[in-house]
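Trainee: Next comes entry.tsv, TSV, C-alpha atoms:
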chain	number	residue	atom	x	y	z
V	259	MET	CA	-29.59	-15.94	-69.03
V	260	LYS	CA	-31.14	-18.39	-66.56
V	261	ASN	CA	-27.80	-18.77	-64.76
V	262	ILE	CA	-27.44	-14.98	-64.45
V	263	ASN	CA	-30.93	-14.64	-62.99
V	264	LEU	CA	-30.23	-17.43	-60.48
V	265	TYR	CA	-26.97	-15.76	-59.46
V	266	ILE	CA	-28.74	-12.43	-58.85
V	267	LEU	CA	-31.40	-14.18	-56.75
V	268	LEU	CA	-28.76	-15.85	-54.56
V	269	LEU	CA	-26.96	-12.55	-53.98
V	270	SER	CA	-30.22	-10.84	-53.02
V	271	SER	CA	-30.96	-13.57	-50.47
V	272	LEU	CA	-27.52	-13.30	-48.89
V	273	PHE	CA	-27.84	-9.50	-48.63
V	274	LEU	CA	-31.26	-9.81	-46.98
V	275	PHE	CA	-30.02	-12.22	-44.30
V	276	SER	CA	-26.84	-10.27	-43.61
V	277	CYS	CA	-28.76	-7.01	-43.03
V	278	GLY	CA	-31.59	-8.51	-41.01
V	279	GLY	CA	-31.55	-7.86	-37.20
V	280	SER	CA	-32.04	-10.43	-34.48
V	281	ASP	CA	-35.49	-10.91	-32.96
V	282	ASP	CA	-34.53	-8.98	-29.82
V	283	GLY	CA	-33.08	-6.05	-31.76
V	284	GLY	CA	-29.57	-6.99	-30.62
V	285	ALA	CA	-30.16	-5.79	-27.07
V	286	GLY	CA	-28.34	-7.63	-24.33
V	287	PRO	CA	-29.89	-8.70	-21.03
V	288	SER	CA	-30.77	-5.78	-18.71
V	289	SER	CA	-29.33	-5.72	-15.24
V	290	SER	CA	-31.83	-5.88	-12.37
V	291	ASN	CA	-32.16	-3.10	-9.80
V	292	VAL	CA	-32.27	-4.31	-6.20
V	293	ALA	CA	-33.93	-2.85	-3.13
V	294	PRO	CA	-31.94	-1.04	-0.40
V	295	THR	CA	-30.88	-2.86	2.75
V	296	VAL	CA	-33.15	-2.91	5.79
V	297	PRO	CA	-32.64	0.03	8.20
V	298	LYS	CA	-31.70	-0.75	11.81
V	299	LEU	CA	-33.54	1.08	14.59
V	300	VAL	CA	-31.36	3.07	17.01
V	301	PHE	CA	-33.58	5.17	19.31
V	302	PRO	CA	-35.91	4.91	21.15
V	303	THR	CA	-34.55	1.57	22.26
V	304	ASN	CA	-36.79	-1.41	22.91
V	305	ASN	CA	-38.90	-1.19	26.11
V	306	LEU	CA	-37.67	2.31	26.94
V	307	VAL	CA	-39.86	4.40	29.27
V	308	CYS	CA	-39.85	8.06	28.18
V	309	THR	CA	-40.93	11.26	29.88
V	310	ASN	CA	-39.66	13.34	26.97
V	311	PHE	CA	-42.67	13.59	24.68
V	312	ASN	CA	-40.98	15.50	21.87
V	313	LEU	CA	-38.95	12.46	20.87
V	314	GLU	CA	-36.31	12.13	18.16
V	315	PHE	CA	-36.52	8.80	16.32
V	316	ASP	CA	-33.16	7.65	15.02
V	317	TRP	CA	-32.12	4.75	12.74
V	318	ASP	CA	-29.04	3.61	10.86
V	319	ALA	CA	-28.75	4.49	7.17
V	320	ALA	CA	-29.57	1.82	4.60
V	321	THR	CA	-27.30	1.14	1.61
V	322	ASP	CA	-28.17	0.63	-2.05
V	323	SER	CA	-25.88	-1.52	-4.21
V	324	ASN	CA	-27.00	0.35	-7.35
V	325	GLY	CA	-26.15	3.75	-5.83
V	326	ASP	CA	-29.76	4.94	-6.02
V	327	ALA	CA	-31.01	7.74	-3.77
V	328	ILE	CA	-32.67	6.40	-0.60
V	329	SER	CA	-35.65	7.65	1.39
V	330	TYR	CA	-37.22	6.23	4.54
V	331	THR	CA	-40.77	5.63	5.73
V	332	VAL	CA	-41.22	5.66	9.51
V	333	ASP	CA	-44.43	4.30	11.03
V	334	ILE	CA	-45.63	4.73	14.64
V	335	SER	CA	-48.66	2.91	16.01
V	336	GLU	CA	-50.35	1.87	19.23
V	337	SER	CA	-50.87	-1.54	17.63
V	338	GLU	CA	-48.13	-4.13	17.29
V	339	THR	CA	-49.63	-5.12	13.93
V	340	PHE	CA	-49.69	-1.47	12.75
V	341	SER	CA	-53.35	-1.90	11.81
V	342	THR	CA	-53.83	1.79	12.57
V	343	LEU	CA	-51.03	4.33	12.13
V	344	LEU	CA	-50.80	7.26	14.51
V	345	PHE	CA	-47.95	8.76	12.49
V	346	THR	CA	-46.22	8.01	9.21
V	347	ALA	CA	-43.71	10.11	7.29
V	348	THR	CA	-41.25	9.80	4.41
V	349	THR	CA	-37.87	11.49	4.74
V	350	ILE	CA	-34.37	11.37	3.27
V	351	GLU	CA	-32.91	11.86	6.78
V	352	THR	CA	-32.20	9.12	9.34
V	353	VAL	CA	-33.95	11.03	12.13
V	354	ASN	CA	-37.48	12.32	12.63
V	355	THR	CA	-38.91	14.18	15.64
V	356	VAL	CA	-42.46	13.35	16.74
V	357	THR	CA	-44.59	14.75	19.57
V	358	LEU	CA	-46.19	11.94	21.59
V	359	GLU	CA	-49.03	11.52	24.08
V	360	LYS	CA	-48.54	10.72	27.78
V	361	GLY	CA	-49.20	7.28	29.23
V	362	THR	CA	-49.11	5.41	25.92
V	363	THR	CA	-47.44	2.28	24.56
V	364	TYR	CA	-45.99	2.82	21.09
V	365	PHE	CA	-44.58	0.58	18.38
V	366	TRP	CA	-42.34	1.84	15.57
V	367	ARG	CA	-40.62	0.58	12.44
V	368	VAL	CA	-38.80	1.92	9.35
V	369	LYS	CA	-38.34	0.77	5.76
V	370	ALA	CA	-36.09	2.09	2.98
V	371	SER	CA	-37.04	2.90	-0.63
V	372	ASP	CA	-34.81	3.79	-3.58
V	373	SER	CA	-35.38	6.21	-6.45
V	374	GLU	CA	-36.32	3.29	-8.73
V	375	GLY	CA	-39.33	2.40	-6.57
V	376	ASN	CA	-37.80	-0.64	-4.86
V	377	GLU	CA	-38.53	-1.06	-1.14
V	378	SER	CA	-36.80	-2.99	1.61
V	379	ILE	CA	-38.82	-4.99	4.08
V	380	TYR	CA	-39.62	-3.24	7.35
V	381	SER	CA	-37.09	-3.21	10.16
V	382	ASP	CA	-37.71	-5.15	13.35
V	383	THR	CA	-40.45	-3.54	15.41
V	384	GLN	CA	-39.49	-1.86	18.70
V	385	THR	CA	-41.81	-0.76	21.48
V	386	PHE	CA	-41.52	1.99	24.10
V	387	PHE	CA	-43.71	3.72	26.65
V	388	THR	CA	-44.49	7.27	27.74
V	389	GLU	CA	-45.13	7.95	31.42
V	390	PRO	CA	-48.54	9.35	32.39
V	391	ASP	CA	-47.16	11.65	35.10
V	392	ALA	CA	-44.12	13.18	33.46
V	393	ALA	CA	-44.46	16.37	35.54
V	394	VAL	CA	-43.10	14.62	38.65
V	395	ASN	CA	-39.77	14.00	36.95
V	396	THR	CA	-37.49	16.16	34.81
V	397	VAL	CA	-35.53	14.55	32.02
V	398	PRO	CA	-31.73	14.74	32.30
V	399	ASN	CA	-29.94	17.68	30.77
V	400	ALA	CA	-28.27	17.10	27.41
V	401	PRO	CA	-24.69	15.87	27.81
V	402	SER	CA	-21.78	18.18	27.04
V	403	VAL	CA	-18.48	17.08	25.55
V	404	VAL	CA	-15.28	17.22	27.64
V	405	GLY	CA	-12.91	15.49	25.27
V	406	PRO	CA	-11.99	14.96	22.55
V	407	THR	CA	-13.65	18.26	21.71
V	408	LEU	CA	-15.63	18.74	18.51
V	409	GLY	CA	-13.33	18.42	15.49
V	410	GLU	CA	-10.20	17.93	17.62
V	411	ARG	CA	-7.19	16.09	16.16
V	412	VAL	CA	-5.79	13.44	18.49
V	413	SER	CA	-3.05	10.83	18.39
V	414	GLY	CA	-2.65	7.37	19.87
V	415	SER	CA	-4.29	3.97	19.46
V	416	SER	CA	-6.56	4.38	22.51
V	417	ILE	CA	-8.68	7.44	23.24
V	418	THR	CA	-10.71	8.26	26.34
V	419	LEU	CA	-14.13	9.65	25.54
V	420	ASP	CA	-15.14	12.08	28.28
V	421	TRP	CA	-18.46	13.87	28.74
V	422	ASP	CA	-20.50	15.60	31.41
V	423	ALA	CA	-24.21	15.34	32.27
V	424	SER	CA	-26.53	16.46	35.05
V	425	ASP	CA	-30.09	16.03	36.26
V	426	VAL	CA	-32.26	18.65	37.98
V	427	ASP	CA	-33.85	15.96	40.19
V	428	GLN	CA	-30.41	14.65	41.17
V	429	ASP	CA	-31.38	11.18	39.92
V	430	PRO	CA	-28.55	8.70	39.36
V	431	LEU	CA	-27.60	8.61	35.69
V	432	LEU	CA	-26.66	5.86	33.25
V	433	TYR	CA	-25.24	6.32	29.78
V	434	ASP	CA	-25.55	4.57	26.41
V	435	LEU	CA	-22.55	5.24	24.19
V	436	TYR	CA	-22.63	5.30	20.38
V	437	PHE	CA	-19.27	5.32	18.58
V	438	GLY	CA	-17.72	4.51	15.20
V	439	ASP	CA	-16.28	5.79	11.93
V	440	THR	CA	-19.74	6.23	10.38
V	441	ASN	CA	-22.38	8.87	11.04
V	442	PRO	CA	-24.66	8.12	12.78
V	443	PRO	CA	-22.42	6.04	15.11
V	444	VAL	CA	-23.47	2.64	16.42
V	445	LEU	CA	-24.23	1.54	19.97
V	446	ILE	CA	-21.14	0.01	21.61
V	447	SER	CA	-22.03	0.03	25.32
V	448	GLU	CA	-25.20	0.41	27.41
V	449	ASN	CA	-25.88	1.48	31.00
V	450	ILE	CA	-22.42	2.90	31.68
V	451	THR	CA	-22.22	4.19	35.25
V	452	VAL	CA	-19.33	6.65	34.70
V	453	SER	CA	-18.93	9.48	32.18
V	454	THR	CA	-15.75	8.22	30.52
V	455	PHE	CA	-15.06	5.33	28.17
V	456	ASP	CA	-11.86	4.09	26.47
V	457	VAL	CA	-12.03	3.19	22.76
V	458	SER	CA	-9.47	1.79	20.32
V	459	VAL	CA	-8.87	3.86	17.17
V	460	SER	CA	-6.91	3.74	13.92
V	461	ALA	CA	-4.76	6.51	12.46
V	462	ASN	CA	-6.05	9.05	9.92
V	463	THR	CA	-9.71	8.33	10.63
V	464	THR	CA	-12.67	10.52	11.56
V	465	TYR	CA	-14.73	9.11	14.43
V	466	TYR	CA	-18.25	10.02	15.52
V	467	TRP	CA	-19.81	9.58	18.95
V	468	ARG	CA	-22.88	10.50	20.96
V	469	VAL	CA	-24.21	9.83	24.46
V	470	VAL	CA	-27.75	9.05	25.57
V	471	VAL	CA	-28.32	10.05	29.21
V	472	LYS	CA	-30.87	8.04	31.23
V	473	ASP	CA	-32.11	8.66	34.77
V	474	SER	CA	-33.52	6.22	37.34
V	475	HIS	CA	-37.06	6.92	36.03
V	476	GLN	CA	-35.91	5.66	32.61
V	477	SER	CA	-36.27	9.11	31.11
V	478	ALA	CA	-33.71	9.71	28.39
V	479	THR	CA	-32.03	12.62	26.60
V	480	ILE	CA	-30.13	12.13	23.35
V	481	GLY	CA	-26.89	14.05	22.97
V	482	GLN	CA	-25.69	15.52	19.70
V	483	VAL	CA	-23.17	13.71	17.48
V	484	TRP	CA	-19.58	14.80	18.17
V	485	ASN	CA	-16.55	13.97	16.06
V	486	PHE	CA	-12.75	13.97	16.20
V	487	ARG	CA	-9.95	12.85	13.85
V	488	THR	CA	-6.90	10.72	14.58
V	489	GLU	CA	-3.43	11.50	13.23
The structure in this file should be written as structure tokens.
Mentor:
Amino acid sequence: MKNINLYILLLSSLFLFSCGGSDDGGAGPSSSNVAPTVPKLVFPTNNLVCTNFNLEFDWDAATDSNGDAISYTVDISESETFSTLLFTATTIETVNTVTLEKGTTYFWRVKASDSEGNESIYSDTQTFFTEPDAAVNTVPNAPSVVGPTLGERVSGSSITLDWDASDVDQDPLLYDLYFGDTNPPVLISENITVSTFDVSVSANTTYYWRVVVKDSHQSATIGQVWNFRTE
């Protein structure tokens, strides 16, 4: 009888250990969620003098390796340390239009946040100025596309981008060109003196481009984003 009781006790112990869970409930290690990349400022460019006071701020999109939704916080201040904010906003877009005061030095920066609450560090800070006597100068007119036209299909490994721009004051104009296969496009050339530019392209690709027109008073007008596709 003693042997039978001992046998039952051993079986009960084995059953208890085999059914018991691990201390962590069997859960494996959880993967960490990382912050988005740091946005890169596009416009207004550093040290730009503006007479357009309804200004569109533009920055490159951040990326998130976890595929989380991204939003952006844009800060504008008269202080380089951003001790006091004149304007701050959160948006899912990569542009934000702000009305500014005349004769002021501004600083601006952007950071990205994901839907899990992770934040990137702030972008580099850029500064720009607004002229106090904007009425003496008119900003250039927005550029118009000559070719390739919007949505046009083109062929060849080299394409000539062609646009037209004018200025009521007849000031000499310079152009900054943004181009690439991402939207918004990236800056590829500054202070172009003519309204054409040759770019190399690959087949079966959609390209985006825009032109910023600047006059001799350093006033600037941002053109819309155009696109074309290669065959």
Trainee: Show me, as a PyMOL selection string, the residues that have an atom within 12 Å of V:Ser453 when counting only C-alpha atoms, minus same-chain residues fewer than 6 positions from it.
Mentor: chain V and resi 401-405+418-424+431-435+468-471
Trainee: Got a sec: who's within 8 Å of V:Val483, counting only C-alpha atoms, leaving out chain neighbours fewer than 2 positions off, as a JSON list (two decimals) with C-alpha atoms, in the coordinates of the input?
Mentor:
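Saved file result.json follows:
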[["chain", "number", "residue", "atom", "x", "y", "z"],
["V", 442, "PRO", "CA", -24.66, 8.12, 12.78],
["V", 466, "TYR", "CA", -18.25, 10.02, 15.52],
["V", 467, "TRP", "CA", -19.81, 9.58, 18.95],
["V", 468, "ARG", "CA", -22.88, 10.50, 20.96],
["V", 481, "GLY", "CA", -26.89, 14.05, 22.97],
["V", 485, "ASN", "CA", -16.55, 13.97, 16.06]]
Trainee: Please, what distance in Å, to one decimal, runs between atom CA of V:Lys360 and atom CA of V:Phe340?
Mentor: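 Between atom CA of V:Lys360 and atom CA of V:Phe340 the gap is 19.4 Å.
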Trainee: Quick one: residues within 12 Å of V:Ala319, all atoms listed in the file, excluding same-chain residues fewer than 3 positions away - as a PyMOL selection string?
Mentor: chain V and resi 294-300+316+322+327-330+349-353+368-371+381+440-444
Trainee: Find the residues near V:Gly361: any atom within 12 Å, counting only C-alpha atoms, skip ones fewer than 3 places away on the same chain, and give them as a VMD selection string.
Mentor: chain V and resid 307 to 311 336 358 364 386 to 392
Trainee: Can you work out the spacing between atom CA of V:His475 and atom CA of V:Leu306 in Å, to one decimal?
Mentor: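 Atom-to-atom, atom CA of V:His475 to atom CA of V:Leu306, that is 10.2 Å.
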Trainee: Can you work out which one of V:Asn399, V:Thr385, V:Ser460, V:Asn312 has the shortest atom-to-atom distance to V:Asp425, counting only C-alpha atoms?
Mentor: V:Asn399
Trainee: Expressed in Å to a single decimal, how great is the separation between atom CA of V:Ser290 and atom CA of V:Ser378?
Mentor: 15.1 Å
Trainee: Is there a way to get, as an MDAnalysis selection string, all residues within 8 Å of the point (-30.7, 5.3, 41.3) in file coordinates, counting all atoms listed in the file?
Mentor: chainID V and resid 429:431 473:474
Trainee: For each of V:Val332, V:Thr321, V:Thr348, V:Asn305, take the minimum atom-to-atom distance to V:Ser477, counting all atoms listed in the file, then give the residue where this is smallest.
Mentor: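 Ranked by minimum distance to V:Ser477, first place goes to V:Asn305.
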Trainee: Env of V:Glu489: 8 Å cut, atoms = all atoms listed in the file, seq-sep filter 4 positions within chain, self excluded. Answer as a list in words.
Mentor: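 The residues that qualify are Arg411, Val412, Ser413, Gly414, Ala461, Asn462 and Thr463 of chain V.
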Trainee: Output the selection as a PDB file, in the frame of the given file - C-alpha atoms for each residue.
Mentor:
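And here is the file that came out, part-v4.pdb:
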ATOM      1  CA  ARG V 411      -7.190  16.090  16.160  1.00  0.00           C
ATOM      2  CA  VAL V 412      -5.790  13.440  18.490  1.00  0.00           C
ATOM      3  CA  SER V 413      -3.050  10.830  18.390  1.00  0.00           C
ATOM      4  CA  GLY V 414      -2.650   7.370  19.870  1.00  0.00           C
ATOM      5  CA  ALA V 461      -4.760   6.510  12.460  1.00  0.00           C
ATOM      6  CA  ASN V 462      -6.050   9.050   9.920  1.00  0.00           C
ATOM      7  CA  THR V 463      -9.710   8.330  10.630  1.00  0.00           C
TER       8      THR V 463
END
Trainee: Out of V:Ile450, V:Glu410, V:Asn395, V:Asn291, which residue has the shortest atom-to-atom distance to V:Asn324 when counting all atoms listed in the file?
Mentor: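 Looking at the shortest contact to V:Asn324, the residue is V:Asn291.
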Trainee: Counting all atoms listed in the file, which residues have an atom no more than 7 Å from (-32.3, 13.0, 22.6) in the file's coordinates? Please list them as an MDAnalysis selection string.
Mentor: chainID V and resid 313:314 470 478:481
Trainee: Could you give me the axis-aligned bounding box of stretch 419-436 of chain V, with 3 Å of padding per side, as centre plus edge lengths in Å to one decimal, as JSON?
Mentor:
{"center_x": -24.0, "center_y": 11.6, "center_z": 30.8, "size_x": 25.7, "size_y": 20.1, "size_z": 26.8}
Trainee: In terms of the shortest atom-to-atom distance over all atoms listed in the file, which of V:Ser447, V:Leu344, V:Pro302, V:Asp326 is closest to V:Ser373?
Mentor: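 Between V:Ser447, V:Leu344, V:Pro302, V:Asp326, the residue approaching V:Ser373 most closely is V:Asp326.
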